Protein chains: 2
Amino acid sequence: MLIVAERINSSRKRIANAISERDASFIQTEALVQAKAGSDYIDVNAGSFRDEAECLKWLVDVVQDVTDIPLCLDSANPDALSRVIPVVKKPPMINSINLKPSRLEPILPLVVDYKAKVIALCESESIMAATTDAKIDIAAGLVEKVTARGIPLDDLYIDPLIFPLATNSRSALASLEAIERIRKEFPGVHTICGLTNVSHGLPNRKLVNRTFLITALARGLDSAILDPSDKELYSALKAALIILGQDEYCLEYIHAYREGRLG
Amino acid sequence: MLIVAERINSSRKRIANAISERDASFIQTEALVQAKAGSDYIDVNAGSFRDEAECLKWLVDVVQDVTDIPLCLDSANPDALSRVIPVVKKPPMINSINLKPSRLEPILPLVVDYKAKVIALCESESIMAATTDAKIDIAAGLVEKVTARGIPLDDLYIDPLIFPLATNSRSALASLEAIERIRKEFPGVHTICGLTNVSHGLPNRKLVNRTFLITALARGLDSAILDPSDKELYSALKAALIILGQDEYCLEYIHAYREGRLG
């Protein structure tokens, strides 16, 4: 199970403020909290700034000053990515590509050159895939494009996209089915998902988000973009891993319990 | 989703005491709490008493006095079942049969005569099925026996059994795989499961139990034996049902939220 820690995202007001004010200590605290809670990658996003490349480079520098956990460069802007990636110390994850040529063509060479992992969204020039079949069609296109560049499938993390249940009662089911089919039809490819979109417009959003995570894990999801310092979410994740036979002798679960990390 | 409410079970000390003392009001409160929380059947168990038939009959009478929710007669004793079932007002569920002839042969005629639903455990004379294949083998035997008597498959609820994760890290996975395969290989048959065994010997048992429920629902479980008045468990169930597309427009979920039934 691979965890991408999501909190350093400029769509959050406190993060945007910290970036504006170049408050390194606030960002570094966020990084360390997530590192301690359990992160494989720390996402950094400055997408809400006009000078995104400069802000993202600053984020990368301040986070790398306090932790050696690799970074997930979260940008839809190929130019920002290409300017920032040279200063990244460890092979990063790039978040994200999709099937749009304007994004795919300039970013794939960066994935190759920097031996990066890459998150690929099930969306193309014309659609954001909402049905299972549409998600699988785009996943097939992504696998083809990535393979053609010689990128190992093990470095590809396909995000099936998840739309709010409040507007479509079958949206989560389509994502779950896609996760299962991607693993079966494209062996070796990983699946990844954010959790917050599913609950948009519903009460008790965190309950819905963590329940979705558990169902997705049960259908084969092997990585997620989440906040590992959310104790109830982290507990749900740890419990799901013992149930799914991915925590031999329940050692990780018991360890997390003893450290007080289970809610 | 069918819920069998589990609390009126003589393995619980307070229930055993209430049965011993013929404390009808205590039992009736338990019945009403579960009825209000959301139950399709109310389980009644007097299995820890030597005069089980008499105690079970008393339980049936006192519960039927306060609610018309149908009962799930929980006994491994064909003699007790045959003596009690005539006083049951609505077609009950019988909990349970297995492949042992000593249990199967006398109980199946009761299922037929009283148009009961029946829970069938994946165990035989020689084994309690621990692997997926063993569970499926026994499930096939159960389907054959039940079909031979003309019992509709819609009345059959197969329990794949779940053993503690603390002693076998793959025990839950075997049950999840069995749930999925039973639904695929025996269309029309239901699956059911208790939740408490999975967490035996682990810390934070309720977290593990409700996480197991969500994973099982994600793999196709369509009924469960549980305590619907456990607010966190009930919340997990309701959230899972919206995610799995089984709650059109999230109406049930939002209704439960408005009634304060989500934790």
# chains A, B, ... in the order shown; residues from 1 in each chain; ligands from 1
$ interface_residues --of "chain A" --to "chain B" --cutoff "10 Å" --atoms "only C-alpha atoms" --output "ChimeraX atom specification"
/A:164-176,198-199,202-205,207-219,232,235-251,253-254,257-258,262-263
$ select_by_dssp --residues "segment 101-188 of chain A" --states "alpha helix (DSSP H)" --output "PDB file with N, CA, C and O atoms, in the first residue's frame"
ATOM      1  N   PRO A 101      -3.123  15.275 -25.341  1.00  0.00           N
ATOM      2  CA  PRO A 101      -1.762  15.383 -25.889  1.00  0.00           C
ATOM      3  C   PRO A 101      -0.989  16.575 -25.315  1.00  0.00           C
ATOM      4  O   PRO A 101       0.209  16.486 -25.075  1.00  0.00           O
ATOM      5  N   SER A 102      -1.714  17.681 -25.046  1.00  0.00           N
ATOM      6  CA  SER A 102      -1.029  18.875 -24.556  1.00  0.00           C
ATOM      7  C   SER A 102      -0.401  18.642 -23.179  1.00  0.00           C
ATOM      8  O   SER A 102       0.497  19.369 -22.762  1.00  0.00           O
ATOM      9  N   ARG A 103      -0.881  17.679 -22.480  1.00  0.00           N
ATOM     10  CA  ARG A 103      -0.323  17.398 -21.157  1.00  0.00           C
ATOM     11  C   ARG A 103       0.598  16.178 -21.243  1.00  0.00           C
ATOM     12  O   ARG A 103       1.654  16.131 -20.611  1.00  0.00           O
ATOM     13  N   LEU A 104       0.145  15.206 -22.017  1.00  0.00           N
ATOM     14  CA  LEU A 104       0.868  13.931 -22.102  1.00  0.00           C
ATOM     15  C   LEU A 104       2.233  14.114 -22.749  1.00  0.00           C
ATOM     16  O   LEU A 104       3.252  13.640 -22.224  1.00  0.00           O
ATOM     17  N   GLU A 105       2.259  14.784 -23.889  1.00  0.00           N
ATOM     18  CA  GLU A 105       3.492  14.834 -24.685  1.00  0.00           C
ATOM     19  C   GLU A 105       4.648  15.531 -23.964  1.00  0.00           C
ATOM     20  O   GLU A 105       5.767  15.036 -23.987  1.00  0.00           O
ATOM     21  N   PRO A 106       4.390  16.686 -23.304  1.00  0.00           N
ATOM     22  CA  PRO A 106       5.535  17.303 -22.626  1.00  0.00           C
ATOM     23  C   PRO A 106       5.913  16.625 -21.301  1.00  0.00           C
ATOM     24  O   PRO A 106       7.042  16.751 -20.856  1.00  0.00           O
ATOM     25  N   ILE A 107       4.959  15.909 -20.661  1.00  0.00           N
ATOM     26  CA  ILE A 107       5.264  15.359 -19.328  1.00  0.00           C
ATOM     27  C   ILE A 107       5.926  13.975 -19.407  1.00  0.00           C
ATOM     28  O   ILE A 107       6.811  13.663 -18.604  1.00  0.00           O
ATOM     29  N   LEU A 108       5.538  13.164 -20.380  1.00  0.00           N
ATOM     30  CA  LEU A 108       6.117  11.811 -20.431  1.00  0.00           C
ATOM     31  C   LEU A 108       7.647  11.817 -20.507  1.00  0.00           C
ATOM     32  O   LEU A 108       8.285  10.993 -19.834  1.00  0.00           O
ATOM     33  N   PRO A 109       8.263  12.724 -21.280  1.00  0.00           N
ATOM     34  CA  PRO A 109       9.736  12.733 -21.281  1.00  0.00           C
ATOM     35  C   PRO A 109      10.327  13.006 -19.892  1.00  0.00           C
ATOM     36  O   PRO A 109      11.386  12.477 -19.554  1.00  0.00           O
ATOM     37  N   LEU A 110       9.641  13.816 -19.084  1.00  0.00           N
ATOM     38  CA  LEU A 110      10.125  14.067 -17.718  1.00  0.00           C
ATOM     39  C   LEU A 110      10.065  12.786 -16.892  1.00  0.00           C
ATOM     40  O   LEU A 110      10.958  12.495 -16.094  1.00  0.00           O
ATOM     41  N   VAL A 111       8.961  12.009 -17.075  1.00  0.00           N
ATOM     42  CA  VAL A 111       8.812  10.738 -16.356  1.00  0.00           C
ATOM     43  C   VAL A 111       9.988   9.819 -16.708  1.00  0.00           C
ATOM     44  O   VAL A 111      10.599   9.200 -15.829  1.00  0.00           O
ATOM     45  N   VAL A 112      10.325   9.782 -17.991  1.00  0.00           N
ATOM     46  CA  VAL A 112      11.428   8.923 -18.440  1.00  0.00           C
ATOM     47  C   VAL A 112      12.756   9.423 -17.884  1.00  0.00           C
ATOM     48  O   VAL A 112      13.510   8.678 -17.250  1.00  0.00           O
ATOM     49  N   ASP A 113      13.029  10.708 -18.090  1.00  0.00           N
ATOM     50  CA  ASP A 113      14.351  11.244 -17.744  1.00  0.00           C
ATOM     51  C   ASP A 113      14.634  11.184 -16.246  1.00  0.00           C
ATOM     52  O   ASP A 113      15.772  11.002 -15.837  1.00  0.00           O
ATOM     53  N   THR A 132     -17.802   2.740 -16.082  1.00  0.00           N
ATOM     54  CA  THR A 132     -16.701   1.776 -15.994  1.00  0.00           C
ATOM     55  C   THR A 132     -16.041   1.585 -17.347  1.00  0.00           C
ATOM     56  O   THR A 132     -14.803   1.626 -17.454  1.00  0.00           O
ATOM     57  N   ASP A 133     -16.843   1.373 -18.383  1.00  0.00           N
ATOM     58  CA  ASP A 133     -16.276   1.122 -19.712  1.00  0.00           C
ATOM     59  C   ASP A 133     -15.445   2.312 -20.198  1.00  0.00           C
ATOM     60  O   ASP A 133     -14.366   2.121 -20.775  1.00  0.00           O
ATOM     61  N   ALA A 134     -15.939   3.518 -19.982  1.00  0.00           N
ATOM     62  CA  ALA A 134     -15.188   4.700 -20.418  1.00  0.00           C
ATOM     63  C   ALA A 134     -13.856   4.783 -19.668  1.00  0.00           C
ATOM     64  O   ALA A 134     -12.822   5.134 -20.255  1.00  0.00           O
ATOM     65  N   LYS A 135     -13.877   4.454 -18.380  1.00  0.00           N
ATOM     66  CA  LYS A 135     -12.635   4.491 -17.588  1.00  0.00           C
ATOM     67  C   LYS A 135     -11.634   3.462 -18.139  1.00  0.00           C
ATOM     68  O   LYS A 135     -10.431   3.747 -18.266  1.00  0.00           O
ATOM     69  N   ILE A 136     -12.131   2.285 -18.472  1.00  0.00           N
ATOM     70  CA  ILE A 136     -11.245   1.222 -18.968  1.00  0.00           C
ATOM     71  C   ILE A 136     -10.683   1.592 -20.344  1.00  0.00           C
ATOM     72  O   ILE A 136      -9.501   1.348 -20.630  1.00  0.00           O
ATOM     73  N   ASP A 137     -11.509   2.173 -21.189  1.00  0.00           N
ATOM     74  CA  ASP A 137     -11.031   2.612 -22.507  1.00  0.00           C
ATOM     75  C   ASP A 137      -9.872   3.597 -22.363  1.00  0.00           C
ATOM     76  O   ASP A 137      -8.856   3.489 -23.049  1.00  0.00           O
ATOM     77  N   ILE A 138     -10.032   4.562 -21.470  1.00  0.00           N
ATOM     78  CA  ILE A 138      -8.972   5.557 -21.305  1.00  0.00           C
ATOM     79  C   ILE A 138      -7.753   4.926 -20.641  1.00  0.00           C
ATOM     80  O   ILE A 138      -6.607   5.211 -21.010  1.00  0.00           O
ATOM     81  N   ALA A 139      -7.999   4.027 -19.684  1.00  0.00           N
ATOM     82  CA  ALA A 139      -6.869   3.327 -19.046  1.00  0.00           C
ATOM     83  C   ALA A 139      -6.050   2.592 -20.102  1.00  0.00           C
ATOM     84  O   ALA A 139      -4.812   2.625 -20.072  1.00  0.00           O
ATOM     85  N   ALA A 140      -6.731   1.958 -21.057  1.00  0.00           N
ATOM     86  CA  ALA A 140      -6.021   1.239 -22.124  1.00  0.00           C
ATOM     87  C   ALA A 140      -5.170   2.208 -22.933  1.00  0.00           C
ATOM     88  O   ALA A 140      -4.004   1.909 -23.258  1.00  0.00           O
ATOM     89  N   GLY A 141      -5.714   3.377 -23.224  1.00  0.00           N
ATOM     90  CA  GLY A 141      -4.957   4.392 -23.961  1.00  0.00           C
ATOM     91  C   GLY A 141      -3.742   4.867 -23.175  1.00  0.00           C
ATOM     92  O   GLY A 141      -2.650   5.040 -23.730  1.00  0.00           O
ATOM     93  N   LEU A 142      -3.912   5.043 -21.871  1.00  0.00           N
ATOM     94  CA  LEU A 142      -2.800   5.493 -21.022  1.00  0.00           C
ATOM     95  C   LEU A 142      -1.702   4.433 -20.969  1.00  0.00           C
ATOM     96  O   LEU A 142      -0.512   4.751 -21.079  1.00  0.00           O
ATOM     97  N   VAL A 143      -2.114   3.176 -20.809  1.00  0.00           N
ATOM     98  CA  VAL A 143      -1.132   2.077 -20.769  1.00  0.00           C
ATOM     99  C   VAL A 143      -0.340   2.047 -22.073  1.00  0.00           C
ATOM    100  O   VAL A 143       0.894   1.906 -22.073  1.00  0.00           O
ATOM    101  N   GLU A 144      -1.036   2.225 -23.182  1.00  0.00           N
ATOM    102  CA  GLU A 144      -0.371   2.188 -24.487  1.00  0.00           C
ATOM    103  C   GLU A 144       0.655   3.324 -24.617  1.00  0.00           C
ATOM    104  O   GLU A 144       1.801   3.107 -25.024  1.00  0.00           O
ATOM    105  N   LYS A 145       0.232   4.535 -24.244  1.00  0.00           N
ATOM    106  CA  LYS A 145       1.127   5.692 -24.379  1.00  0.00           C
ATOM    107  C   LYS A 145       2.367   5.541 -23.495  1.00  0.00           C
ATOM    108  O   LYS A 145       3.487   5.880 -23.893  1.00  0.00           O
ATOM    109  N   VAL A 146       2.147   5.081 -22.267  1.00  0.00           N
ATOM    110  CA  VAL A 146       3.245   4.955 -21.310  1.00  0.00           C
ATOM    111  C   VAL A 146       4.201   3.843 -21.753  1.00  0.00           C
ATOM    112  O   VAL A 146       5.431   3.998 -21.717  1.00  0.00           O
ATOM    113  N   THR A 147       3.624   2.741 -22.204  1.00  0.00           N
ATOM    114  CA  THR A 147       4.438   1.608 -22.660  1.00  0.00           C
ATOM    115  C   THR A 147       5.286   1.997 -23.870  1.00  0.00           C
ATOM    116  O   THR A 147       6.450   1.605 -23.979  1.00  0.00           O
ATOM    117  N   ALA A 148       4.694   2.779 -24.766  1.00  0.00           N
ATOM    118  CA  ALA A 148       5.407   3.189 -25.983  1.00  0.00           C
ATOM    119  C   ALA A 148       6.673   3.984 -25.660  1.00  0.00           C
ATOM    120  O   ALA A 148       7.622   4.003 -26.443  1.00  0.00           O
ATOM    121  N   SER A 171     -21.785   6.416  -9.173  1.00  0.00           N
ATOM    122  CA  SER A 171     -20.450   6.911  -9.537  1.00  0.00           C
ATOM    123  C   SER A 171     -19.341   6.138  -8.823  1.00  0.00           C
ATOM    124  O   SER A 171     -18.314   5.828  -9.428  1.00  0.00           O
ATOM    125  N   ALA A 172     -19.527   5.826  -7.549  1.00  0.00           N
ATOM    126  CA  ALA A 172     -18.470   5.112  -6.817  1.00  0.00           C
ATOM    127  C   ALA A 172     -18.356   3.679  -7.328  1.00  0.00           C
ATOM    128  O   ALA A 172     -17.263   3.143  -7.487  1.00  0.00           O
ATOM    129  N   LEU A 173     -19.502   3.073  -7.597  1.00  0.00           N
ATOM    130  CA  LEU A 173     -19.509   1.697  -8.103  1.00  0.00           C
ATOM    131  C   LEU A 173     -18.724   1.614  -9.413  1.00  0.00           C
ATOM    132  O   LEU A 173     -17.966   0.662  -9.641  1.00  0.00           O
ATOM    133  N   ALA A 174     -18.893   2.615 -10.279  1.00  0.00           N
ATOM    134  CA  ALA A 174     -18.142   2.624 -11.547  1.00  0.00           C
ATOM    135  C   ALA A 174     -16.641   2.675 -11.275  1.00  0.00           C
ATOM    136  O   ALA A 174     -15.858   1.982 -11.937  1.00  0.00           O
ATOM    137  N   SER A 175     -16.230   3.459 -10.285  1.00  0.00           N
ATOM    138  CA  SER A 175     -14.804   3.541  -9.957  1.00  0.00           C
ATOM    139  C   SER A 175     -14.300   2.222  -9.371  1.00  0.00           C
ATOM    140  O   SER A 175     -13.200   1.771  -9.697  1.00  0.00           O
ATOM    141  N   LEU A 176     -15.104   1.597  -8.510  1.00  0.00           N
ATOM    142  CA  LEU A 176     -14.700   0.320  -7.907  1.00  0.00           C
ATOM    143  C   LEU A 176     -14.552  -0.757  -8.973  1.00  0.00           C
ATOM    144  O   LEU A 176     -13.585  -1.527  -8.975  1.00  0.00           O
ATOM    145  N   GLU A 177     -15.515  -0.798  -9.878  1.00  0.00           N
ATOM    146  CA  GLU A 177     -15.432  -1.790 -10.960  1.00  0.00           C
ATOM    147  C   GLU A 177     -14.211  -1.526 -11.833  1.00  0.00           C
ATOM    148  O   GLU A 177     -13.537  -2.460 -12.280  1.00  0.00           O
ATOM    149  N   ALA A 178     -13.924  -0.248 -12.067  1.00  0.00           N
ATOM    150  CA  ALA A 178     -12.754   0.092 -12.889  1.00  0.00           C
ATOM    151  C   ALA A 178     -11.463  -0.337 -12.196  1.00  0.00           C
ATOM    152  O   ALA A 178     -10.550  -0.871 -12.837  1.00  0.00           O
ATOM    153  N   ILE A 179     -11.376  -0.132 -10.890  1.00  0.00           N
ATOM    154  CA  ILE A 179     -10.174  -0.546 -10.142  1.00  0.00           C
ATOM    155  C   ILE A 179      -9.947  -2.050 -10.323  1.00  0.00           C
ATOM    156  O   ILE A 179      -8.845  -2.510 -10.623  1.00  0.00           O
ATOM    157  N   GLU A 180     -11.019  -2.813 -10.172  1.00  0.00           N
ATOM    158  CA  GLU A 180     -10.911  -4.271 -10.298  1.00  0.00           C
ATOM    159  C   GLU A 180     -10.499  -4.656 -11.722  1.00  0.00           C
ATOM    160  O   GLU A 180      -9.617  -5.496 -11.920  1.00  0.00           O
ATOM    161  N   ARG A 181     -11.124  -4.029 -12.716  1.00  0.00           N
ATOM    162  CA  ARG A 181     -10.814  -4.392 -14.100  1.00  0.00           C
ATOM    163  C   ARG A 181      -9.424  -3.927 -14.526  1.00  0.00           C
ATOM    164  O   ARG A 181      -8.745  -4.650 -15.277  1.00  0.00           O
ATOM    165  N   ILE A 182      -8.980  -2.774 -14.064  1.00  0.00           N
ATOM    166  CA  ILE A 182      -7.630  -2.307 -14.419  1.00  0.00           C
ATOM    167  C   ILE A 182      -6.592  -3.307 -13.919  1.00  0.00           C
ATOM    168  O   ILE A 182      -5.672  -3.682 -14.633  1.00  0.00           O
ATOM    169  N   ARG A 183      -6.786  -3.791 -12.698  1.00  0.00           N
ATOM    170  CA  ARG A 183      -5.824  -4.757 -12.148  1.00  0.00           C
ATOM    171  C   ARG A 183      -5.845  -6.072 -12.919  1.00  0.00           C
ATOM    172  O   ARG A 183      -4.806  -6.722 -13.079  1.00  0.00           O
ATOM    173  N   LYS A 184      -7.033  -6.462 -13.367  1.00  0.00           N
ATOM    174  CA  LYS A 184      -7.119  -7.734 -14.112  1.00  0.00           C
ATOM    175  C   LYS A 184      -6.644  -7.579 -15.549  1.00  0.00           C
ATOM    176  O   LYS A 184      -5.967  -8.449 -16.081  1.00  0.00           O
ATOM    177  N   GLU A 185      -7.019  -6.475 -16.204  1.00  0.00           N
ATOM    178  CA  GLU A 185      -6.748  -6.337 -17.633  1.00  0.00           C
ATOM    179  C   GLU A 185      -5.370  -5.772 -17.933  1.00  0.00           C
ATOM    180  O   GLU A 185      -4.852  -5.968 -19.030  1.00  0.00           O
TER     181      GLU A 185
END
$ select_by_dssp --residues "segment 26-256 of chain A" --states "strand (DSSP E)" --output "PyMOL selection string"
chain A and resi 41-45+71-74+93-97+117-121+156-159+190-191+223-226
$ residues_around --residues "Pro86 of chain B" --least-positions-apart "3" --cutoff "10 Å" --atoms "only C-alpha atoms" --output "PyMOL selection string"
chain B and resi 57+81-83+89+110+114
$ closest_atom_pairs --of "segment 144-259 of chain A" --to "segment 33-41 of chain A" --cutoff "10 Å" --atoms "only C-alpha atoms" --output "JSON lines"
{"residue": "A:Ser223", "atom": "CA", "partner": "A:Asp40", "partner_atom": "CA", "distance": 9.7}
{"residue": "A:Ile225", "atom": "CA", "partner": "A:Tyr41", "partner_atom": "CA", "distance": 9.2}
{"residue": "A:Leu226", "atom": "CA", "partner": "A:Ser39", "partner_atom": "CA", "distance": 9.3}
{"residue": "A:Asp227", "atom": "CA", "partner": "A:Gln34", "partner_atom": "CA", "distance": 7.3}
{"residue": "A:Pro228", "atom": "CA", "partner": "A:Ala37", "partner_atom": "CA", "distance": 5.5}
{"residue": "A:Ser229", "atom": "CA", "partner": "A:Ala37", "partner_atom": "CA", "distance": 5.3}
{"residue": "A:Asp230", "atom": "CA", "partner": "A:Ala37", "partner_atom": "CA", "distance": 8.7}
{"residue": "A:Lys231", "atom": "CA", "partner": "A:Ala37", "partner_atom": "CA", "distance": 8.9}
{"residue": "A:Tyr234", "atom": "CA", "partner": "A:Ala37", "partner_atom": "CA", "distance": 8.5}
{"residue": "A:Ala256", "atom": "CA", "partner": "A:Ala37", "partner_atom": "CA", "distance": 9.7}
